[in-house]
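Trainee: Contents of start-v9.cif (mmCIF, N, CA, C and O atoms) are given next:
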```cif
data_work
#
loop_
_atom_site.label_atom_id
_atom_site.label_comp_id
_atom_site.auth_asym_id
_atom_site.auth_seq_id
_atom_site.Cartn_x
_atom_site.Cartn_y
_atom_site.Cartn_z
N MET I 252 87.04 87.82 89.02
CA MET I 252 86.46 89.02 89.60
C MET I 252 87.35 90.20 89.26
O MET I 252 88.56 90.16 89.44
N GLU I 253 86.74 91.25 88.79
CA GLU I 253 87.48 92.48 88.55
C GLU I 253 87.32 93.37 89.79
O GLU I 253 86.22 93.61 90.26
N ILE I 254 88.44 93.82 90.30
CA ILE I 254 88.44 94.60 91.53
C ILE I 254 88.29 96.08 91.20
O ILE I 254 89.00 96.61 90.36
N ASN I 255 87.35 96.71 91.88
CA ASN I 255 87.19 98.16 91.76
C ASN I 255 88.26 98.79 92.66
O ASN I 255 88.15 98.77 93.90
N LEU I 256 89.30 99.31 92.07
CA LEU I 256 90.43 99.84 92.83
C LEU I 256 90.05 101.05 93.66
O LEU I 256 90.61 101.27 94.74
N ARG I 257 89.10 101.82 93.22
CA ARG I 257 88.63 102.97 93.99
C ARG I 257 88.00 102.52 95.30
O ARG I 257 88.28 103.05 96.37
N VAL I 258 87.17 101.48 95.22
CA VAL I 258 86.52 100.94 96.42
C VAL I 258 87.56 100.32 97.35
O VAL I 258 87.52 100.51 98.57
N LEU I 259 88.51 99.58 96.78
CA LEU I 259 89.56 98.97 97.59
C LEU I 259 90.39 100.04 98.29
O LEU I 259 90.68 99.93 99.49
N ARG I 260 90.77 101.09 97.58
CA ARG I 260 91.56 102.18 98.18
C ARG I 260 90.78 102.83 99.32
O ARG I 260 91.32 103.10 100.39
N ASN I 261 89.50 103.05 99.11
CA ASN I 261 88.66 103.64 100.15
C ASN I 261 88.59 102.73 101.38
O ASN I 261 88.68 103.21 102.51
N LEU I 262 88.46 101.44 101.16
CA LEU I 262 88.42 100.48 102.26
C LEU I 262 89.71 100.52 103.07
O LEU I 262 89.68 100.54 104.30
N LEU I 263 90.84 100.57 102.39
CA LEU I 263 92.13 100.52 103.06
C LEU I 263 92.52 101.83 103.73
O LEU I 263 93.35 101.83 104.64
N THR I 264 91.93 102.93 103.29
CA THR I 264 92.32 104.22 103.87
C THR I 264 91.29 104.81 104.82
O THR I 264 91.66 105.48 105.78
N LYS I 265 90.02 104.54 104.57
CA LYS I 265 88.99 105.20 105.37
C LYS I 265 88.09 104.25 106.15
O LYS I 265 87.29 104.69 106.97
N ARG I 266 88.23 102.95 105.91
CA ARG I 266 87.34 102.00 106.57
C ARG I 266 88.13 100.88 107.27
O ARG I 266 87.64 99.77 107.41
N THR I 267 89.32 101.21 107.75
CA THR I 267 90.14 100.17 108.40
C THR I 267 89.49 99.65 109.67
O THR I 267 89.74 98.50 110.05
N ASP I 268 88.63 100.44 110.30
CA ASP I 268 87.93 99.96 111.49
C ASP I 268 87.04 98.77 111.15
O ASP I 268 86.91 97.83 111.95
N GLU I 269 86.48 98.75 109.96
CA GLU I 269 85.65 97.63 109.53
C GLU I 269 86.50 96.38 109.31
O GLU I 269 86.08 95.27 109.63
N ILE I 270 87.69 96.58 108.76
CA ILE I 270 88.61 95.46 108.59
C ILE I 270 88.99 94.91 109.96
O ILE I 270 88.99 93.69 110.17
N GLU I 271 89.31 95.80 110.90
CA GLU I 271 89.70 95.39 112.24
C GLU I 271 88.60 94.55 112.89
O GLU I 271 88.89 93.52 113.52
N LYS I 272 87.35 94.95 112.73
CA LYS I 272 86.23 94.19 113.31
C LYS I 272 86.11 92.82 112.67
O LYS I 272 85.83 91.83 113.36
N SER I 273 86.31 92.73 111.36
CA SER I 273 86.16 91.43 110.69
C SER I 273 87.29 90.48 111.03
O SER I 273 87.11 89.26 111.04
N VAL I 274 88.46 91.01 111.35
CA VAL I 274 89.64 90.20 111.66
C VAL I 274 89.67 89.79 113.14
O VAL I 274 90.23 88.74 113.48
N ALA I 275 89.04 90.56 113.99
CA ALA I 275 89.09 90.33 115.44
C ALA I 275 88.74 88.88 115.79
O ALA I 275 87.72 88.35 115.35
N GLY I 276 89.62 88.26 116.56
CA GLY I 276 89.37 86.91 117.06
C GLY I 276 89.62 85.79 116.07
O GLY I 276 89.33 84.63 116.37
N THR I 277 90.14 86.09 114.90
CA THR I 277 90.35 85.05 113.88
C THR I 277 91.76 84.49 113.88
O THR I 277 92.01 83.48 113.24
N GLY I 278 92.68 85.18 114.54
CA GLY I 278 94.07 84.76 114.50
C GLY I 278 94.85 85.42 113.37
O GLY I 278 96.07 85.28 113.29
N TYR I 279 94.16 86.13 112.50
CA TYR I 279 94.82 86.89 111.43
C TYR I 279 95.22 88.26 111.98
O TYR I 279 94.61 88.76 112.92
N LEU I 280 96.20 88.87 111.37
CA LEU I 280 96.62 90.21 111.74
C LEU I 280 96.00 91.22 110.78
O LEU I 280 95.94 90.98 109.57
N VAL I 281 95.56 92.35 111.32
CA VAL I 281 94.99 93.41 110.50
C VAL I 281 96.02 93.86 109.46
O VAL I 281 95.68 94.07 108.29
N LYS I 282 97.28 93.98 109.87
CA LYS I 282 98.30 94.45 108.93
C LYS I 282 98.50 93.47 107.78
O LYS I 282 98.87 93.88 106.68
N THR I 283 98.24 92.20 108.01
CA THR I 283 98.34 91.21 106.93
C THR I 283 97.25 91.46 105.90
O THR I 283 97.50 91.45 104.69
N VAL I 284 96.04 91.66 106.36
CA VAL I 284 94.90 91.90 105.47
C VAL I 284 95.12 93.20 104.70
O VAL I 284 94.94 93.25 103.47
N ILE I 285 95.55 94.24 105.38
CA ILE I 285 95.81 95.52 104.72
C ILE I 285 96.97 95.37 103.74
O ILE I 285 96.95 95.94 102.64
N GLY I 286 97.95 94.56 104.09
CA GLY I 286 99.08 94.31 103.19
C GLY I 286 98.65 93.65 101.90
O GLY I 286 99.12 94.01 100.81
N VAL I 287 97.75 92.68 101.99
CA VAL I 287 97.24 92.02 100.78
C VAL I 287 96.49 93.04 99.92
O VAL I 287 96.67 93.09 98.70
N GLY I 288 95.67 93.86 100.56
CA GLY I 288 94.95 94.89 99.81
C GLY I 288 95.88 95.90 99.15
O GLY I 288 95.67 96.28 98.00
N THR I 289 96.91 96.29 99.87
CA THR I 289 97.89 97.23 99.32
C THR I 289 98.63 96.62 98.14
O THR I 289 98.87 97.27 97.13
N PHE I 290 98.98 95.35 98.27
CA PHE I 290 99.65 94.64 97.17
C PHE I 290 98.76 94.65 95.93
O PHE I 290 99.23 94.90 94.81
N LEU I 291 97.47 94.41 96.12
CA LEU I 291 96.54 94.43 94.99
C LEU I 291 96.46 95.83 94.37
O LEU I 291 96.43 95.95 93.14
N LEU I 292 96.41 96.85 95.20
CA LEU I 292 96.39 98.22 94.67
C LEU I 292 97.64 98.50 93.85
O LEU I 292 97.56 99.07 92.76
N ASP I 293 98.79 98.08 94.37
CA ASP I 293 100.07 98.32 93.68
C ASP I 293 100.16 97.57 92.36
O ASP I 293 100.93 97.94 91.48
N ASN I 294 99.40 96.49 92.23
CA ASN I 294 99.47 95.65 91.04
C ASN I 294 98.17 95.65 90.25
O ASN I 294 97.80 94.67 89.61
N GLU I 295 97.47 96.79 90.32
CA GLU I 295 96.26 97.03 89.53
C GLU I 295 95.18 95.96 89.71
O GLU I 295 94.44 95.63 88.78
N GLY I 296 95.11 95.39 90.92
CA GLY I 296 94.05 94.43 91.23
C GLY I 296 94.23 93.06 90.61
O GLY I 296 93.27 92.29 90.53
N ASP I 297 95.44 92.71 90.20
CA ASP I 297 95.69 91.43 89.55
C ASP I 297 95.74 90.30 90.58
O ASP I 297 96.76 90.05 91.22
N LEU I 298 94.63 89.59 90.73
CA LEU I 298 94.52 88.50 91.69
C LEU I 298 95.46 87.34 91.37
O LEU I 298 95.83 86.58 92.26
N ASP I 299 95.85 87.19 90.13
CA ASP I 299 96.73 86.09 89.73
C ASP I 299 98.12 86.20 90.37
O ASP I 299 98.85 85.22 90.41
N LEU I 300 98.48 87.38 90.85
CA LEU I 300 99.79 87.56 91.46
C LEU I 300 99.83 87.15 92.93
O LEU I 300 100.90 87.06 93.51
N LEU I 301 98.67 86.89 93.51
CA LEU I 301 98.62 86.50 94.92
C LEU I 301 99.06 85.05 95.12
O LEU I 301 98.75 84.19 94.31
N THR I 302 99.75 84.81 96.25
CA THR I 302 100.06 83.43 96.64
C THR I 302 98.77 82.80 97.16
O THR I 302 97.76 83.49 97.36
N ALA I 303 98.80 81.51 97.41
CA ALA I 303 97.61 80.82 97.91
C ALA I 303 97.16 81.41 99.26
O ALA I 303 95.96 81.60 99.49
N LYS I 304 98.10 81.70 100.14
CA LYS I 304 97.75 82.28 101.44
C LYS I 304 97.19 83.69 101.30
O LYS I 304 96.23 84.06 101.98
N GLN I 305 97.78 84.47 100.41
CA GLN I 305 97.27 85.82 100.18
C GLN I 305 95.87 85.76 99.58
O GLN I 305 95.00 86.54 99.95
N ARG I 306 95.66 84.82 98.68
CA ARG I 306 94.33 84.67 98.05
C ARG I 306 93.29 84.30 99.10
O ARG I 306 92.17 84.81 99.09
N ALA I 307 93.66 83.39 100.01
CA ALA I 307 92.74 82.99 101.08
C ALA I 307 92.40 84.20 101.96
O ALA I 307 91.23 84.38 102.36
N THR I 308 93.39 85.01 102.27
CA THR I 308 93.17 86.22 103.07
C THR I 308 92.24 87.17 102.33
O THR I 308 91.30 87.74 102.91
N PHE I 309 92.48 87.35 101.04
CA PHE I 309 91.62 88.21 100.23
C PHE I 309 90.18 87.70 100.25
O PHE I 309 89.24 88.47 100.50
N GLU I 310 90.00 86.42 99.99
CA GLU I 310 88.66 85.84 99.92
C GLU I 310 87.91 85.97 101.24
O GLU I 310 86.72 86.25 101.26
N LYS I 311 88.62 85.77 102.35
CA LYS I 311 87.99 85.77 103.66
C LYS I 311 87.67 87.18 104.16
O LYS I 311 86.61 87.39 104.76
N PHE I 312 88.57 88.13 103.93
CA PHE I 312 88.42 89.43 104.57
C PHE I 312 88.16 90.61 103.64
O PHE I 312 87.48 91.55 104.02
N LEU I 313 88.69 90.61 102.45
CA LEU I 313 88.54 91.77 101.57
C LEU I 313 87.39 91.61 100.57
O LEU I 313 86.63 92.56 100.35
N ARG I 314 87.27 90.46 99.98
CA ARG I 314 86.23 90.27 98.96
C ARG I 314 84.83 90.60 99.47
O ARG I 314 84.06 91.26 98.75
N PRO I 315 84.46 90.18 100.69
CA PRO I 315 83.10 90.54 101.16
C PRO I 315 82.85 92.04 101.15
O PRO I 315 81.75 92.48 100.82
N PHE I 316 83.85 92.84 101.50
CA PHE I 316 83.68 94.29 101.49
C PHE I 316 83.58 94.82 100.06
O PHE I 316 82.87 95.79 99.81
N LEU I 317 84.28 94.21 99.14
CA LEU I 317 84.28 94.68 97.75
C LEU I 317 82.98 94.30 97.03
O LEU I 317 82.64 94.90 96.02
N GLU I 318 82.29 93.30 97.55
CA GLU I 318 81.04 92.87 96.92
C GLU I 318 79.83 93.60 97.48
O GLU I 318 78.73 93.47 96.98
N MET I 319 80.05 94.37 98.57
CA MET I 319 78.96 95.15 99.16
C MET I 319 78.60 96.30 98.23
O MET I 319 79.47 96.79 97.51
N PRO I 320 77.35 96.74 98.30
CA PRO I 320 77.01 97.94 97.53
C PRO I 320 77.88 99.11 97.99
O PRO I 320 78.21 99.22 99.17
N SER I 321 78.24 99.96 97.07
CA SER I 321 79.11 101.11 97.38
C SER I 321 78.47 102.02 98.42
O SER I 321 77.26 102.19 98.45
N ARG I 322 79.35 102.61 99.21
CA ARG I 322 78.89 103.57 100.22
C ARG I 322 79.06 104.96 99.68
O ARG I 322 79.94 105.30 99.05
#
```
What's the structure tokens form of this structure?

Mentor:
Amino acid sequence: MEINLRVLRNLLTKRTDEIEKSVAGTGYLVKTVIGVGTFLLDNEGDLDLLTAKQRATFEKFLRPFLEMPSR
């Protein structure tokens, strides 16, 4: 999957309330999910650099937002 960095940046800066809602009650921390997204932004969206746990966090919480039609 190629990550649209513009969409990811928008999600992390202007749509954090949506991330908070998706994380609520799961046992994950919002800052962890945002941290994984920030790491991807810093590394040009290279998913190969993620650890297994980071990849699982990405797949569960960030990927669904990135696959949505753009707002």

Trainee: If the PyMOL selection byres ((chain I and resi 290-301) around 8) is run on the structure shown, which residues does it catch, given as JSON, numbers by chain?

Mentor: {"I": [252, 253, 254, 255, 256, 259, 260, 283, 284, 285, 286, 287, 288, 289, 302, 303, 304, 305, 306, 307]}

Trainee: At a cut-off of 12 Å, using only C-alpha atoms, what residues contact I:Val274? Leave out same-chain residues fewer than 4 positions from it and give the result as a PyMOL selection string.

Mentor: chain I and resi 267-270+278-285+308-309+311-313

Trainee: Expressed in Å to a single decimal, how great is the separation between atom CA of I:Arg314 and atom CA of I:Thr277?

Mentor: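 Result for atom CA of I:Arg314 versus atom CA of I:Thr277: 16.3 Å, one decimal.
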
Trainee: Calculate how many Å separate atom N of I:Arg266 from atom C of I:Met319, rounding to one decimal.

Mentor: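 One can read the atom N of I:Arg266 to atom C of I:Met319 distance as 14.0 Å.
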